[in-house]
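**Student:** Got a file for you: input-v5.csv, CSV, C-alpha atoms.
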```
chain,number,residue,atom,x,y,z
G,1,MET,CA,80.5,99.5,92.8
G,2,ALA,CA,79.7,97.4,95.9
G,3,ARG,CA,80.3,97.9,99.5
G,4,PHE,CA,82.4,95.6,101.8
G,5,MET,CA,83.3,95.0,105.4
G,6,ASP,CA,86.5,93.2,106.0
G,7,VAL,CA,87.9,91.8,109.3
G,8,HIS,CA,91.5,91.4,110.5
G,9,ASP,CA,92.7,89.5,113.5
G,10,GLY,CA,95.9,89.7,115.5
G,11,PHE,CA,96.0,93.5,116.0
G,12,VAL,CA,96.4,93.2,119.8
G,13,GLY,CA,98.0,96.2,121.4
G,14,VAL,CA,98.0,98.2,118.1
G,15,THR,CA,97.8,102.0,118.7
G,16,ALA,CA,95.7,104.6,116.9
G,17,GLN,CA,98.8,105.8,115.2
G,18,GLN,CA,99.8,102.4,113.9
G,19,LEU,CA,96.2,101.8,112.6
G,20,GLY,CA,96.4,105.2,110.9
G,21,GLU,CA,99.7,104.2,109.2
G,22,ALA,CA,98.2,100.9,108.0
G,23,HIS,CA,95.1,102.8,106.7
G,24,GLU,CA,97.3,105.3,104.9
G,25,ALA,CA,99.2,102.4,103.3
G,26,ASP,CA,95.8,101.2,101.9
G,27,LEU,CA,94.8,104.7,100.7
G,28,ALA,CA,98.1,105.1,98.9
G,29,ILE,CA,97.5,102.2,96.6
G,30,GLU,CA,93.7,101.6,96.6
G,31,GLY,CA,93.3,103.5,93.4
G,32,GLU,CA,95.1,100.7,91.5
G,33,GLU,CA,92.2,98.4,92.3
G,34,GLY,CA,89.4,100.9,92.1
G,35,VAL,CA,88.8,100.5,95.9
G,36,HIS,CA,88.2,103.2,98.5
G,37,PHE,CA,88.5,102.5,102.2
G,38,GLU,CA,86.0,104.8,104.0
G,39,ARG,CA,86.4,103.9,107.6
G,40,ALA,CA,88.3,101.5,110.0
G,41,TRP,CA,87.7,100.5,113.6
G,42,LEU,CA,90.1,98.8,116.0
G,43,ASP,CA,89.6,96.8,119.2
G,44,PRO,CA,93.2,96.7,120.5
G,45,GLU,CA,92.3,94.4,123.3
G,46,GLN,CA,90.8,91.6,121.2
G,47,GLY,CA,93.0,92.5,118.3
G,48,LYS,CA,90.2,93.0,115.7
G,49,VAL,CA,90.1,95.5,112.9
G,50,PHE,CA,87.1,96.2,110.7
G,51,CYS,CA,87.4,98.1,107.4
G,52,LEU,CA,84.5,99.6,105.4
G,53,SER,CA,85.2,100.0,101.7
G,54,THR,CA,83.7,100.3,98.3
G,55,GLY,CA,85.1,98.6,95.2
G,56,PRO,CA,84.5,96.3,92.3
G,57,SER,CA,84.7,93.0,94.2
G,58,ARG,CA,86.0,91.2,97.2
G,59,ASP,CA,89.1,90.2,95.3
G,60,HIS,CA,89.9,93.8,94.6
G,61,VAL,CA,89.6,94.7,98.3
G,62,ALA,CA,91.8,91.7,99.2
G,63,ARG,CA,94.5,92.8,96.8
G,64,VAL,CA,94.8,96.2,98.3
G,65,HIS,CA,95.2,94.9,101.8
G,66,GLU,CA,97.6,92.2,100.6
G,67,LYS,CA,99.8,94.7,98.7
G,68,ALA,CA,99.7,97.1,101.7
G,69,GLY,CA,101.1,94.3,104.0
G,70,HIS,CA,98.0,93.3,106.0
G,71,PRO,CA,96.2,90.6,104.1
G,72,THR,CA,92.9,89.1,105.1
G,73,THR,CA,90.6,86.5,103.6
G,74,GLU,CA,87.6,87.6,105.7
G,75,ILE,CA,85.8,90.0,103.4
G,76,TYR,CA,82.0,90.4,103.3
G,77,GLU,CA,80.0,92.1,100.6
G,78,ILE,CA,77.3,94.2,102.4
G,79,PRO,CA,74.5,95.3,99.9
G,80,VAL,CA,72.2,96.1,102.8
G,81,ASP,CA,73.1,99.1,105.0
G,82,ILE,CA,71.0,100.7,107.6
G,83,SER,CA,71.9,104.1,109.0
I,1,MET,CA,80.2,106.2,126.5
I,2,ALA,CA,82.1,103.7,124.4
I,3,ARG,CA,81.7,102.5,120.8
I,4,PHE,CA,81.1,98.9,119.8
I,5,MET,CA,81.0,96.7,116.7
I,6,ASP,CA,79.1,93.5,117.1
I,7,VAL,CA,78.8,90.6,114.7
I,8,HIS,CA,76.0,88.1,114.0
I,9,ASP,CA,76.1,84.8,112.1
I,10,GLY,CA,73.3,82.8,110.5
I,11,PHE,CA,71.5,85.6,108.6
I,12,VAL,CA,71.8,83.8,105.2
I,13,GLY,CA,69.1,85.0,102.8
I,14,VAL,CA,67.8,87.7,105.1
I,15,THR,CA,66.2,90.7,103.3
I,16,ALA,CA,66.7,94.4,103.7
I,17,GLN,CA,63.2,94.6,105.2
I,18,GLN,CA,63.9,91.8,107.7
I,19,LEU,CA,67.1,93.5,108.8
I,20,GLY,CA,65.2,96.7,109.1
I,21,GLU,CA,62.7,95.0,111.4
I,22,ALA,CA,65.4,93.5,113.6
I,23,HIS,CA,67.1,96.9,113.8
I,24,GLU,CA,63.8,98.5,114.8
I,25,ALA,CA,63.4,95.9,117.5
I,26,ASP,CA,66.8,97.0,118.9
I,27,LEU,CA,65.9,100.7,118.6
I,28,ALA,CA,62.6,100.2,120.5
I,29,ILE,CA,64.4,99.0,123.6
I,30,GLU,CA,67.9,100.3,123.4
I,31,GLY,CA,67.2,103.2,125.8
I,32,GLU,CA,66.6,100.8,128.6
I,33,GLU,CA,70.3,100.0,128.5
I,34,GLY,CA,71.7,103.4,127.5
I,35,VAL,CA,72.7,102.0,124.1
I,36,HIS,CA,72.2,103.5,120.6
I,37,PHE,CA,72.6,101.4,117.4
I,38,GLU,CA,73.9,103.8,114.7
I,39,ARG,CA,74.3,101.5,111.7
I,40,ALA,CA,74.0,97.9,110.6
I,41,TRP,CA,75.3,96.1,107.5
I,42,LEU,CA,74.2,92.7,106.1
I,43,ASP,CA,75.9,90.2,103.9
I,44,PRO,CA,72.9,87.9,103.1
I,45,GLU,CA,75.1,85.5,101.1
I,46,GLN,CA,77.5,84.7,104.0
I,47,GLY,CA,74.9,85.5,106.6
I,48,LYS,CA,76.8,88.1,108.5
I,49,VAL,CA,75.5,91.2,110.2
I,50,PHE,CA,77.6,94.0,111.7
I,51,CYS,CA,76.1,96.5,114.1
I,52,LEU,CA,77.8,99.8,115.1
I,53,SER,CA,76.7,101.2,118.5
I,54,THR,CA,77.5,103.4,121.4
I,55,GLY,CA,76.8,102.4,125.0
I,56,PRO,CA,78.1,101.9,128.5
I,57,SER,CA,79.7,98.5,128.0
I,58,ARG,CA,79.7,95.3,125.9
I,59,ASP,CA,77.2,93.7,128.4
I,60,HIS,CA,74.7,96.5,127.8
I,61,VAL,CA,74.9,96.0,124.0
I,62,ALA,CA,74.5,92.3,124.5
I,63,ARG,CA,71.4,92.7,126.6
I,64,VAL,CA,69.7,94.8,124.0
I,65,HIS,CA,70.3,92.3,121.2
I,66,GLU,CA,69.3,89.4,123.5
I,67,LYS,CA,66.0,91.1,124.6
I,68,ALA,CA,65.3,91.9,120.9
I,69,GLY,CA,65.6,88.3,120.0
I,70,HIS,CA,68.9,88.2,118.1
I,71,PRO,CA,71.7,87.5,120.7
I,72,THR,CA,75.4,87.5,120.0
I,73,THR,CA,78.5,87.1,122.1
I,74,GLU,CA,80.8,88.6,119.5
I,75,ILE,CA,81.0,92.2,120.6
I,76,TYR,CA,84.1,94.4,120.2
I,77,GLU,CA,84.9,97.7,121.9
I,78,ILE,CA,86.4,99.9,119.3
I,79,PRO,CA,88.1,103.0,120.9
I,80,VAL,CA,90.0,103.7,117.7
I,81,ASP,CA,88.0,104.9,114.7
I,82,ILE,CA,89.4,106.3,111.4
I,83,SER,CA,87.1,108.1,109.0
```
I need this file expressed as structure tokens, please.
**Tutor:**
Amino acid sequence: MARFMDVHDGFVGVTAQQLGEAHEADLAIEGEEGVHFERAWLDPEQGKVFCLSTGPSRDHVARVHEKAGHPTTEIYEIPVDIS
Amino acid sequence: MARFMDVHDGFVGVTAQQLGEAHEADLAIEGEEGVHFERAWLDPEQGKVFCLSTGPSRDHVARVHEKAGHPTTEIYEIPVDIS
């Protein structure tokens, strides 16, 4: 299992509730792809969303977001994590 | 105090140790700007680094990274955080 950060554009003006609904849509189907979305962060001014997940591959992460209605092609595998 | 995600390019082939050293360089001076870097993630294949921080403003975060020798202009304020 690997860890991923993916990035979405175009979320200008999105509210916390709307992000929560989008995240719930991911959580509802992520099991089909063996993915788990751990966290998400939103900059509603610049319209950026960052999602932190674990899963088998970038393609699996991409499929969850696509099925949930908010596709992105910008997905990074992040084997190095400092906390 | 606000929360920020910043993004760096060009870190292709960087090792965990090198990222750790860059992160330590931030931690050593972050107090001067009232910033704290909480986490960092690296994709050494695509050369991307993501840093999660708290601080007074984007400019303060930018100054720490600049002083530490790895400037970026891509900094997002992320008031919405789902975990």
**Student:** Which one of G:His23, G:Arg39, G:Lys67, G:His60 sits closest to chain I if you count only C-alpha atoms?
**Tutor:**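 Once distances to chain I are computed over only C-alpha atoms, the minimum belongs to G:Arg39.
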**Student:** Please build the interface table for chain I against chain G with a cut-off of 10 Å, listing for each qualifying residue the nearest atom pair and the distance in Å to one decimal; count all atoms listed in the file, order rows by chain and increasing number, and write it as CSV.
**Tutor:**
```
residue,atom,partner,partner_atom,distance
I:Arg3,CA,G:Trp41,CA,9.6
I:Phe4,CA,G:Asp43,CA,8.8
I:Met5,CA,G:Trp41,CA,8.3
I:Val14,CA,G:Val80,CA,9.8
I:Thr15,CA,G:Val80,CA,8.1
I:Ala16,CA,G:Val80,CA,5.8
I:Gln17,CA,G:Val80,CA,9.4
I:Leu19,CA,G:Ile82,CA,8.3
I:Gly20,CA,G:Ile82,CA,7.2
I:His23,CA,G:Ile82,CA,8.3
I:Phe37,CA,G:Ser83,CA,8.9
I:Glu38,CA,G:Ser83,CA,6.0
I:Arg39,CA,G:Ser83,CA,4.5
I:Ala40,CA,G:Ile82,CA,5.1
I:Trp41,CA,G:Asp81,CA,4.5
I:Leu42,CA,G:Ile78,CA,5.1
I:Asp43,CA,G:Ile78,CA,4.5
I:Pro44,CA,G:Ile78,CA,7.7
I:Glu45,CA,G:Glu77,CA,8.2
I:Gln46,CA,G:Tyr76,CA,7.3
I:Gly47,CA,G:Tyr76,CA,9.2
I:Lys48,CA,G:Tyr76,CA,7.7
I:Val49,CA,G:Ile78,CA,8.5
I:Phe50,CA,G:Met5,CA,8.6
I:Cys51,CA,G:Ile82,CA,9.3
I:Leu52,CA,G:Ser83,CA,9.5
I:Ile75,CA,G:Gln46,CA,9.8
I:Tyr76,CA,G:Asp43,CA,6.1
I:Glu77,CA,G:Asp43,CA,5.5
I:Ile78,CA,G:Asp43,CA,4.5
I:Pro79,CA,G:Asp43,CA,6.6
I:Val80,CA,G:Leu42,CA,5.2
I:Asp81,CA,G:Trp41,CA,4.5
I:Ile82,CA,G:Ala40,CA,5.1
I:Ser83,CA,G:Arg39,CA,4.5
```
**Student:** Skip Val61 of chain I itself and residues of its chain fewer than 2 positions away, then list as a PyMOL selection string all residues within 12 Å of it, counting all atoms listed in the file.
**Tutor:** chain I and resi 1-7+26-27+29-37+51-59+63-68+70-77
**Student:** How far is it from atom CA of Ala28 of chain I to atom CA of Asp9 of chain I, in Å with one decimal?
**Tutor:**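 These atoms are spaced 22.1 Å apart.
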**Student:** What would segment 40-51 of chain I look like with all heavy atoms in place, written as an mmCIF file, keeping the file's coordinate frame?
**Tutor:**
```
data_model
loop_
_atom_site.group_PDB
_atom_site.id
_atom_site.type_symbol
_atom_site.label_atom_id
_atom_site.label_comp_id
_atom_site.auth_asym_id
_atom_site.auth_seq_id
_atom_site.Cartn_x
_atom_site.Cartn_y
_atom_site.Cartn_z
ATOM 1 N N ALA I 40 73.912 99.398 110.690
ATOM 2 C CA ALA I 40 74.000 97.900 110.600
ATOM 3 C C ALA I 40 74.212 97.593 109.099
ATOM 4 O O ALA I 40 73.708 98.292 108.211
ATOM 5 C CB ALA I 40 72.714 97.287 111.076
ATOM 6 N N TRP I 41 74.989 96.546 108.878
ATOM 7 C CA TRP I 41 75.300 96.100 107.500
ATOM 8 C C TRP I 41 75.059 94.598 107.430
ATOM 9 O O TRP I 41 75.387 93.859 108.367
ATOM 10 C CB TRP I 41 76.779 96.353 107.200
ATOM 11 C CG TRP I 41 77.214 97.767 107.222
ATOM 12 C CD1 TRP I 41 77.214 98.643 106.174
ATOM 13 C CD2 TRP I 41 77.782 98.493 108.332
ATOM 14 N NE1 TRP I 41 77.732 99.860 106.565
ATOM 15 C CE2 TRP I 41 78.090 99.794 107.879
ATOM 16 C CE3 TRP I 41 78.059 98.173 109.657
ATOM 17 C CZ2 TRP I 41 78.656 100.761 108.711
ATOM 18 C CZ3 TRP I 41 78.613 99.130 110.487
ATOM 19 C CH2 TRP I 41 78.901 100.406 110.006
ATOM 20 N N LEU I 42 74.557 94.153 106.298
ATOM 21 C CA LEU I 42 74.200 92.700 106.100
ATOM 22 C C LEU I 42 74.867 92.175 104.853
ATOM 23 O O LEU I 42 74.769 92.780 103.770
ATOM 24 C CB LEU I 42 72.691 92.601 105.973
ATOM 25 C CG LEU I 42 72.151 91.272 105.421
ATOM 26 C CD1 LEU I 42 72.390 90.116 106.383
ATOM 27 C CD2 LEU I 42 70.648 91.409 105.119
ATOM 28 N N ASP I 43 75.504 91.011 105.018
ATOM 29 C CA ASP I 43 75.900 90.200 103.900
ATOM 30 C C ASP I 43 74.974 88.986 103.864
ATOM 31 O O ASP I 43 75.167 88.024 104.623
ATOM 32 C CB ASP I 43 77.375 89.718 104.088
ATOM 33 C CG ASP I 43 77.840 88.758 102.992
ATOM 34 O OD1 ASP I 43 76.991 88.244 102.235
ATOM 35 O OD2 ASP I 43 79.061 88.511 102.911
ATOM 36 N N PRO I 44 73.932 89.023 103.039
ATOM 37 C CA PRO I 44 72.900 87.900 103.100
ATOM 38 C C PRO I 44 73.454 86.640 102.471
ATOM 39 O O PRO I 44 72.846 85.591 102.681
ATOM 40 C CB PRO I 44 71.780 88.510 102.226
ATOM 41 C CG PRO I 44 72.403 89.522 101.338
ATOM 42 C CD PRO I 44 73.587 90.080 102.077
ATOM 43 N N GLU I 45 74.559 86.703 101.746
ATOM 44 C CA GLU I 45 75.100 85.500 101.100
ATOM 45 C C GLU I 45 75.884 84.676 102.187
ATOM 46 O O GLU I 45 75.681 83.472 102.328
ATOM 47 C CB GLU I 45 76.020 85.889 99.983
ATOM 48 C CG GLU I 45 76.208 84.814 98.945
ATOM 49 C CD GLU I 45 76.882 85.376 97.697
ATOM 50 O OE1 GLU I 45 76.272 86.225 97.005
ATOM 51 O OE2 GLU I 45 78.031 84.990 97.439
ATOM 52 N N GLN I 46 76.742 85.366 102.935
ATOM 53 C CA GLN I 46 77.500 84.700 104.000
ATOM 54 C C GLN I 46 76.779 84.732 105.337
ATOM 55 O O GLN I 46 77.237 84.124 106.311
ATOM 56 C CB GLN I 46 78.909 85.292 104.112
ATOM 57 C CG GLN I 46 79.739 85.138 102.838
ATOM 58 C CD GLN I 46 81.212 85.496 103.040
ATOM 59 O OE1 GLN I 46 81.962 84.793 103.701
ATOM 60 N NE2 GLN I 46 81.636 86.611 102.461
ATOM 61 N N GLY I 47 75.671 85.473 105.402
ATOM 62 C CA GLY I 47 74.900 85.500 106.600
ATOM 63 C C GLY I 47 75.420 86.269 107.778
ATOM 64 O O GLY I 47 75.108 85.987 108.938
ATOM 65 N N LYS I 48 76.234 87.282 107.470
ATOM 66 C CA LYS I 48 76.800 88.100 108.500
ATOM 67 C C LYS I 48 76.128 89.418 108.668
ATOM 68 O O LYS I 48 75.767 90.052 107.658
ATOM 69 C CB LYS I 48 78.304 88.393 108.167
ATOM 70 C CG LYS I 48 79.246 87.234 108.390
ATOM 71 C CD LYS I 48 79.776 87.193 109.809
ATOM 72 C CE LYS I 48 80.774 86.042 109.949
ATOM 73 N NZ LYS I 48 81.345 85.959 111.296
ATOM 74 N N VAL I 49 75.972 89.848 109.922
ATOM 75 C CA VAL I 49 75.500 91.200 110.200
ATOM 76 C C VAL I 49 76.497 91.875 111.135
ATOM 77 O O VAL I 49 76.990 91.257 112.090
ATOM 78 C CB VAL I 49 74.104 91.177 110.889
ATOM 79 C CG1 VAL I 49 73.704 92.574 111.356
ATOM 80 C CG2 VAL I 49 73.057 90.617 109.938
ATOM 81 N N PHE I 50 76.781 93.146 110.846
ATOM 82 C CA PHE I 50 77.600 94.000 111.700
ATOM 83 C C PHE I 50 76.804 95.150 112.186
ATOM 84 O O PHE I 50 76.106 95.791 111.388
ATOM 85 C CB PHE I 50 78.816 94.537 110.865
ATOM 86 C CG PHE I 50 79.704 93.478 110.290
ATOM 87 C CD1 PHE I 50 79.430 92.938 109.038
ATOM 88 C CD2 PHE I 50 80.799 93.005 110.990
ATOM 89 C CE1 PHE I 50 80.232 91.941 108.497
ATOM 90 C CE2 PHE I 50 81.604 92.011 110.459
ATOM 91 C CZ PHE I 50 81.328 91.479 109.208
ATOM 92 N N CYS I 51 76.869 95.416 113.493
ATOM 93 C CA CYS I 51 76.100 96.500 114.100
ATOM 94 C C CYS I 51 77.130 97.466 114.777
ATOM 95 O O CYS I 51 77.949 97.004 115.582
ATOM 96 C CB CYS I 51 75.132 96.079 115.109
ATOM 97 S SG CYS I 51 73.893 94.937 114.480
#
```
